file protein35.cif (mmCIF, C-alpha atoms and all ligand atoms)
data_coords
loop_
_atom_site.label_atom_id
_atom_site.label_comp_id
_atom_site.auth_asym_id
_atom_site.auth_seq_id
_atom_site.Cartn_x
_atom_site.Cartn_y
_atom_site.Cartn_z
CA MET A 293 -89.69 -56.20 -36.44
CA ASP A 294 -91.73 -55.28 -33.35
CA ARG A 295 -91.22 -52.26 -31.11
CA LEU A 296 -89.93 -54.36 -28.23
CA TYR A 297 -87.08 -55.51 -30.45
CA HIS A 298 -85.94 -51.88 -30.81
CA VAL A 299 -86.31 -51.23 -27.06
CA ARG A 300 -84.30 -54.38 -26.26
CA MET A 301 -81.60 -53.46 -28.77
CA ARG A 302 -81.41 -49.94 -27.41
CA SER A 303 -80.92 -51.03 -23.80
CA LYS A 304 -78.27 -53.52 -24.94
CA ARG A 305 -76.49 -50.71 -26.80
CA ASP A 306 -76.77 -48.45 -23.73
CA GLN A 307 -75.13 -51.15 -21.61
CA GLU A 308 -72.35 -51.61 -24.16
CA VAL A 309 -71.67 -47.89 -24.28
CA SER A 310 -71.51 -47.61 -20.47
CA MET A 311 -69.24 -50.64 -20.18
CA ARG A 312 -66.90 -49.30 -22.86
CA ARG A 313 -66.98 -45.95 -21.10
CA MET A 314 -66.04 -47.47 -17.73
CA ALA A 315 -63.27 -49.56 -19.27
CA GLU A 316 -61.83 -46.56 -21.11
CA SER A 317 -61.30 -44.03 -18.40
CA GLU A 318 -62.38 -44.51 -14.84
CA GLY A 319 -63.11 -41.40 -12.84
CA GLU A 320 -63.48 -39.04 -15.83
CA SER A 321 -66.86 -37.32 -16.08
CA ASP A 322 -68.83 -37.28 -19.33
CA LEU A 323 -68.08 -33.60 -19.75
CA GLU A 324 -64.35 -34.17 -19.15
CA LEU A 325 -64.37 -36.93 -21.77
CA ILE A 326 -66.07 -34.68 -24.35
CA THR A 327 -63.73 -31.77 -23.54
CA ARG A 328 -60.62 -33.96 -23.79
CA LEU A 329 -61.62 -35.19 -27.26
CA ILE A 330 -62.20 -31.79 -28.91
CA ARG A 331 -58.99 -30.87 -30.79
CA PRO A 332 -57.75 -27.35 -31.59
CA PHE A 333 -56.32 -26.66 -35.06
CA PRO A 334 -54.69 -23.20 -35.15
CA ASP A 335 -54.95 -21.20 -38.39
CA PHE A 336 -57.69 -23.34 -39.99
CA PRO A 337 -59.46 -22.62 -42.29
CA SER A 338 -57.66 -19.27 -42.31
CA LYS A 339 -54.98 -17.47 -40.31
CA GLY A 340 -56.06 -16.42 -36.81
CA ILE A 341 -58.91 -18.95 -36.48
CA VAL A 342 -58.53 -21.77 -33.95
CA PHE A 343 -60.69 -24.52 -35.41
CA ARG A 344 -62.33 -26.72 -32.73
CA ASP A 345 -62.55 -30.18 -34.25
CA ILE A 346 -65.37 -32.41 -32.94
CA CYS A 347 -64.50 -35.43 -35.14
CA PRO A 348 -62.95 -37.42 -32.25
CA VAL A 349 -66.19 -37.00 -30.26
CA LEU A 350 -68.15 -38.56 -33.14
CA LYS A 351 -65.66 -41.39 -33.38
CA ASN A 352 -66.02 -42.29 -29.70
CA PRO A 353 -69.43 -43.91 -29.02
CA ALA A 354 -69.32 -43.17 -25.29
CA ALA A 355 -68.58 -39.50 -25.94
CA LEU A 356 -71.28 -39.17 -28.58
CA ALA A 357 -73.81 -40.87 -26.27
CA ALA A 358 -72.71 -38.49 -23.48
CA VAL A 359 -73.36 -35.43 -25.70
CA ILE A 360 -76.86 -36.64 -26.51
CA ASP A 361 -77.52 -37.60 -22.84
CA LEU A 362 -76.59 -34.09 -21.68
CA PHE A 363 -78.71 -32.39 -24.38
CA GLU A 364 -81.63 -34.71 -23.64
CA GLN A 365 -81.48 -33.99 -19.88
CA HIS A 366 -81.38 -30.25 -20.55
CA VAL A 367 -84.30 -30.26 -22.99
CA ARG A 368 -86.45 -32.53 -20.80
CA GLN A 369 -85.87 -30.25 -17.79
CA THR A 370 -85.97 -26.85 -19.48
CA HIS A 371 -88.07 -27.25 -22.64
CA PRO A 372 -90.41 -30.20 -21.95
CA LEU A 373 -92.98 -28.96 -24.47
CA VAL A 374 -90.64 -29.12 -27.47
CA ASP A 375 -92.31 -30.20 -30.76
CA LEU A 376 -89.28 -30.32 -33.09
CA VAL A 377 -85.49 -30.34 -33.13
CA VAL A 378 -84.12 -28.04 -35.85
CA GLY A 379 -80.52 -28.77 -36.92
CA ILE A 380 -78.10 -26.54 -38.82
CA ASP A 381 -76.22 -27.61 -41.98
CA ALA A 382 -73.91 -29.45 -41.75
CA ARG A 383 -72.59 -30.36 -38.33
CA GLY A 384 -75.90 -29.78 -36.57
CA PHE A 385 -77.12 -32.79 -38.56
CA LEU A 386 -74.69 -35.01 -36.67
CA PHE A 387 -76.37 -34.43 -33.31
CA GLY A 388 -79.90 -33.25 -34.13
CA PRO A 389 -81.53 -36.47 -35.37
CA LEU A 390 -80.03 -38.45 -32.47
CA LEU A 391 -81.49 -35.98 -29.99
CA ALA A 392 -84.86 -35.83 -31.77
CA GLN A 393 -85.12 -39.64 -31.59
CA ARG A 394 -84.39 -39.61 -27.87
CA LEU A 395 -87.02 -36.95 -27.27
CA GLY A 396 -89.55 -38.67 -29.52
CA VAL A 397 -90.01 -35.62 -31.76
CA GLY A 398 -89.29 -34.84 -35.41
CA PHE A 399 -86.13 -33.35 -36.93
CA VAL A 400 -85.99 -30.46 -39.42
CA MET A 401 -83.00 -29.35 -41.52
CA VAL A 402 -81.85 -25.76 -41.96
CA ARG A 403 -79.75 -26.10 -45.11
CA LYS A 404 -77.30 -23.95 -46.99
CA LYS A 405 -78.81 -22.31 -50.09
CA GLY A 406 -79.71 -24.44 -53.10
CA LYS A 407 -79.96 -27.85 -51.40
CA LEU A 408 -83.68 -28.11 -50.61
CA PRO A 409 -86.46 -28.72 -53.15
CA GLY A 410 -89.91 -27.10 -53.19
CA PRO A 411 -91.10 -23.78 -51.75
CA ARG A 412 -88.55 -22.36 -49.30
CA VAL A 413 -87.80 -19.38 -47.09
CA SER A 414 -84.21 -18.10 -46.88
CA VAL A 415 -82.05 -15.63 -45.00
CA GLY A 416 -78.43 -14.41 -45.45
CA TYR A 417 -75.84 -14.37 -42.65
CA THR A 418 -72.15 -13.83 -41.85
CA LEU A 419 -69.74 -16.35 -40.31
CA GLU A 420 -66.45 -16.24 -38.38
CA TYR A 421 -64.87 -16.94 -41.79
CA GLY A 422 -67.24 -15.90 -44.60
CA THR A 423 -70.87 -15.35 -45.62
CA ALA A 424 -73.69 -17.79 -46.47
CA GLU A 425 -77.45 -18.18 -46.92
CA ALA A 426 -79.69 -20.55 -44.93
CA GLU A 427 -83.00 -22.07 -46.02
CA ILE A 428 -85.84 -24.23 -44.75
CA GLN A 429 -88.73 -25.74 -46.64
CA GLU A 430 -91.84 -23.65 -46.20
CA ASP A 431 -93.77 -26.55 -44.65
CA ALA A 432 -90.95 -27.66 -42.33
CA VAL A 433 -92.36 -25.87 -39.27
CA SER A 434 -95.82 -24.48 -38.58
CA ALA A 435 -96.92 -21.36 -36.75
CA GLY A 436 -96.90 -21.95 -32.99
CA GLN A 437 -94.65 -25.03 -33.05
CA LYS A 438 -92.05 -25.07 -30.29
CA VAL A 439 -88.53 -25.81 -31.48
CA VAL A 440 -85.01 -26.19 -30.13
CA LEU A 441 -82.15 -25.34 -32.50
CA ILE A 442 -79.00 -27.43 -32.50
CA ASP A 443 -75.52 -27.01 -33.96
CA ASP A 444 -72.03 -28.23 -33.15
CA LEU A 445 -70.56 -24.82 -32.39
CA LEU A 446 -71.46 -21.23 -31.59
CA ALA A 447 -68.91 -18.64 -32.76
CA THR A 448 -70.24 -15.19 -33.78
CA GLY A 449 -73.82 -16.46 -33.58
CA GLY A 450 -74.53 -15.49 -37.21
CA THR A 451 -75.65 -18.97 -38.20
CA LEU A 452 -77.96 -19.62 -35.26
CA PHE A 453 -79.29 -16.05 -35.54
CA ALA A 454 -80.21 -16.78 -39.18
CA ALA A 455 -81.93 -20.00 -38.09
CA CYS A 456 -83.89 -18.02 -35.44
CA GLU A 457 -84.89 -15.56 -38.20
CA LEU A 458 -86.18 -18.45 -40.32
CA MET A 459 -88.22 -19.71 -37.35
CA LYS A 460 -89.57 -16.19 -36.82
CA GLN A 461 -90.61 -15.97 -40.48
CA ARG A 462 -92.59 -19.21 -40.04
CA ARG A 463 -93.94 -17.93 -36.68
CA ALA A 464 -92.47 -20.90 -34.81
CA ASP A 465 -91.47 -20.49 -31.17
CA VAL A 466 -87.72 -20.90 -30.43
CA LEU A 467 -87.37 -22.39 -26.93
CA GLY A 468 -83.57 -22.32 -26.97
CA CYS A 469 -80.33 -23.18 -28.77
CA LEU A 470 -78.03 -26.14 -28.06
CA VAL A 471 -74.37 -26.38 -29.05
CA VAL A 472 -71.52 -28.68 -28.14
CA VAL A 473 -68.92 -25.87 -28.24
CA GLU A 474 -69.28 -22.15 -27.49
CA LEU A 475 -66.50 -19.66 -28.28
CA ASN A 476 -66.99 -17.11 -25.48
CA ASP A 477 -64.79 -14.37 -26.94
CA LEU A 478 -67.02 -14.01 -30.00
CA SER A 479 -70.13 -13.27 -27.85
CA GLY A 480 -72.50 -15.35 -29.97
CA ALA A 481 -74.84 -15.84 -27.00
CA ASP A 482 -75.35 -12.05 -26.78
CA LYS A 483 -76.33 -11.91 -30.45
CA LEU A 484 -78.96 -14.59 -29.86
CA LYS A 485 -80.65 -12.89 -26.90
CA PRO A 486 -83.38 -13.23 -25.71
CA HIS A 487 -82.98 -16.86 -26.81
CA SER A 488 -81.01 -19.01 -24.41
CA VAL A 489 -77.88 -20.96 -25.33
CA PHE A 490 -77.01 -24.28 -23.69
CA SER A 491 -73.39 -25.26 -24.40
CA LEU A 492 -71.33 -28.19 -23.14
CA VAL A 493 -67.77 -26.90 -23.65
CA ARG A 494 -66.70 -23.26 -23.64
CA TYR A 495 -63.41 -21.66 -24.73
O1 LIG B 1 -71.61 -18.77 -34.90
P1 LIG B 1 -71.12 -18.64 -36.32
O2 LIG B 1 -70.08 -17.58 -36.47
O3 LIG B 1 -72.23 -18.48 -37.27
O4 LIG B 1 -70.33 -19.98 -36.67
C1 LIG B 1 -70.80 -21.26 -36.33
C2 LIG B 1 -71.10 -22.07 -37.55
O5 LIG B 1 -69.91 -22.26 -38.34
C3 LIG B 1 -69.73 -23.64 -38.59
O6 LIG B 1 -70.38 -24.04 -39.75
P2 LIG B 1 -69.85 -23.77 -41.22
O7 LIG B 1 -70.67 -22.70 -41.82
O8 LIG B 1 -68.38 -23.63 -41.21
O9 LIG B 1 -70.30 -25.05 -42.02
P3 LIG B 1 -70.23 -26.62 -41.90
O10 LIG B 1 -71.04 -27.02 -40.68
O11 LIG B 1 -70.89 -27.01 -43.16
O12 LIG B 1 -68.79 -27.04 -41.79
C4 LIG B 1 -70.36 -24.32 -37.41
O13 LIG B 1 -70.71 -25.66 -37.68
C5 LIG B 1 -71.57 -23.46 -37.15
O14 LIG B 1 -72.68 -23.83 -37.96
N1 LIG B 2 -63.43 -21.87 -34.57
C1 LIG B 2 -64.26 -22.74 -35.15
N2 LIG B 2 -64.05 -24.08 -35.05
C2 LIG B 2 -64.89 -24.97 -35.62
N3 LIG B 2 -65.98 -24.60 -36.31
C3 LIG B 2 -66.22 -23.28 -36.43
N4 LIG B 2 -67.22 -22.61 -37.04
C4 LIG B 2 -67.01 -21.30 -36.87
N5 LIG B 2 -65.91 -21.08 -36.16
C5 LIG B 2 -65.38 -22.30 -35.87
#
call {"tool": "encode", "arguments": {"input": "protein35.cif", "output": "structure tokens", "more": "lines below"}}
Ligand SMILES: O=P(O)(O)OC[C@H]1O[C@H](OP(=O)(O)OP(=O)(O)O)[C@H](O)[C@@H]1O
Ligand SMILES: Nc1ncnc2[nH]cnc12
result
Amino acid sequence: MDRLYHVRMRSKRDQEVSMRRMAESEGESDLELITRLIRPFPDFPSKGIVFRDICPVLKNPAALAAVIDLFEQHVRQTHPLVDLVVGIDARGFLFGPLLAQRLGVGFVMVRKKGKLPGPRVSVGYTLEYGTAEAEIQEDAVSAGQKVVLIDDLLATGGTLFAACELMKQRRADVLGCLVVVELNDLSGADKLKPHSVFSLVRY
């Protein structure tokens, strides 16, 4: 299969997504569509937590394309020199590879402990509802590489902070963090300073 085939298929898919989008809800912006689809589940996974469920965004091709469009625009404008997209286990994997493909760069996984083979570096962190350990393969990023980190949601910032620590250990340069949802009250963006956070929907 030649490259033109992929380009043709992609523009056909783009047209289909925009047509479906227009048919679905005229007058609603991409951001309004994404916001409307994110569902709150009170007291999940434990009492007091309002879980923001992104599953309906993934299920809607126009909404998913809109998320990637908005991330792509931001990275092209703000971090044009990016070398790699680094996604966080597990929901960062849903958006990261799509964005990396759009930008024409590689994708790297930050995984929870015990999932990656070979030499690794790891770091522990705390979550809104628990503790965990994050790892990358030692050769996943090189010193001086410019990366953007991506996840579905920023809560306390513990997870993205751990990913920034892993990048620091490998001497990679974090250009910024991207999330679909940011929970303002938990001040995750402050924890990540001086790194910037680009979020689409904030609560
Ligand atoms: O800002 P923080 O307080 O660190 O919380 C945000 C993280 O929590 C969730 O992941 P979780 O660890 O629940 O795992 P999952 O993606 O595997 O469901 C979410 O996908 C983020 O990665
Ligand atoms: N409130 C929340 N909703 C969805 N994912 C989360 N990860 C951490 N906090 C979360």
call {"tool": "atom_distance", "arguments": {"input": "protein35.cif", "atom1": "atom CA of A:Phe399", "atom2": "atom CA of A:Val415"}}
result
19.9 Å
call {"tool": "residues_near_ligand", "arguments": {"input": "protein35.cif", "ligand": "ligand LIG 2 (chain B)", "cutoff": "12 Å", "atoms": "all atoms listed in the file", "output": "JSON, numbers by chain"}}
result
{"A": [330, 331, 332, 333, 334, 335, 336, 337, 338, 339, 340, 341, 342, 343, 344, 345, 346, 347, 380, 381, 382, 383, 384, 418, 419, 420, 421, 422, 423, 443, 444, 445, 446, 447, 448, 449, 450, 451, 452, 471, 472, 473, 474, 475, 476, 477, 478, 480, 494, 495]}
call {"tool": "atom_distance", "arguments": {"input": "protein35.cif", "atom1": "atom CA of A:Leu350", "atom2": "atom CA of A:Leu323"}}
result
14.3 Å
call {"tool": "axis_aligned_box", "arguments": {"input": "protein35.cif", "around": "ligand LIG 1 (chain B)", "padding_each_side": "3 Å", "output": "AutoDock Vina command-line options"}}
result
--center_x -70.5 --center_y -22.3 --center_z -39.0 --size_x 10.3 --size_y 15.5 --size_z 14.3
call {"tool": "atom_distance", "arguments": {"input": "protein35.cif", "atom1": "atom O4 of ligand LIG 1 (chain B)", "atom2": "atom CA of A:Tyr417"}}
result
9.9 Å
call {"tool": "closest_residue", "arguments": {"input": "protein35.cif", "among": "A:Leu492, A:Val374, A:Ile360, A:Leu441", "to": "ligand LIG 1 (chain B)", "atoms": "all atoms listed in the file"}}
result
A:Leu441
call {"tool": "decode", "arguments": {"input": "protein35.cif", "residues": "stretch 364-413 of chain A", "atoms": "C-alpha atoms", "output": "CSV table (one decimal), in the first residue's frame"}}
result
chain,number,residue,atom,x,y,z
A,364,GLU,CA,-2.5,19.2,17.8
A,365,GLN,CA,-3.2,22.9,17.3
A,366,HIS,CA,-1.8,23.7,20.7
A,367,VAL,CA,1.4,21.7,20.3
A,368,ARG,CA,2.0,23.0,16.8
A,369,GLN,CA,1.7,26.6,18.0
A,370,THR,CA,3.3,26.3,21.4
A,371,HIS,CA,5.8,23.4,21.2
A,372,PRO,CA,6.7,23.1,17.5
A,373,LEU,CA,10.0,21.5,18.3
A,374,VAL,CA,8.5,18.5,20.0
A,375,ASP,CA,10.4,15.1,19.4
A,376,LEU,CA,8.1,12.7,21.3
A,377,VAL,CA,4.7,12.4,22.9
A,378,VAL,CA,4.8,10.6,26.2
A,379,GLY,CA,1.6,9.1,27.4
A,380,ILE,CA,0.6,7.9,30.9
A,381,ASP,CA,-0.8,4.5,31.8
A,382,ALA,CA,-3.6,3.8,31.1
A,383,ARG,CA,-5.9,6.5,29.8
A,384,GLY,CA,-3.1,8.6,28.4
A,385,PHE,CA,-2.6,5.8,25.9
A,386,LEU,CA,-6.0,6.5,24.4
A,387,PHE,CA,-5.0,10.0,23.2
A,388,GLY,CA,-1.2,9.9,23.0
A,389,PRO,CA,-0.6,7.7,19.9
A,390,LEU,CA,-3.3,9.5,18.0
A,391,LEU,CA,-1.7,12.9,18.7
A,392,ALA,CA,1.8,11.5,18.0
A,393,GLN,CA,0.7,10.3,14.6
A,394,ARG,CA,-0.8,13.7,13.7
A,395,LEU,CA,2.4,15.4,14.8
A,396,GLY,CA,4.6,12.9,12.9
A,397,VAL,CA,6.6,12.0,16.1
A,398,GLY,CA,7.0,8.9,18.2
A,399,PHE,CA,5.0,7.8,21.2
A,400,VAL,CA,6.5,6.5,24.5
A,401,MET,CA,4.6,4.8,27.3
A,402,VAL,CA,5.0,5.6,31.0
A,403,ARG,CA,3.6,2.4,32.6
A,404,LYS,CA,2.6,1.3,36.0
A,405,LYS,CA,5.2,-0.8,37.8
A,406,GLY,CA,5.9,-4.3,36.5
A,407,LYS,CA,4.6,-4.0,32.9
A,408,LEU,CA,7.7,-3.1,30.9
A,409,PRO,CA,10.6,-5.5,30.1
A,410,GLY,CA,14.3,-4.6,30.0
A,411,PRO,CA,16.2,-2.0,32.0
A,412,ARG,CA,13.9,0.6,33.5
A,413,VAL,CA,13.8,3.7,35.6
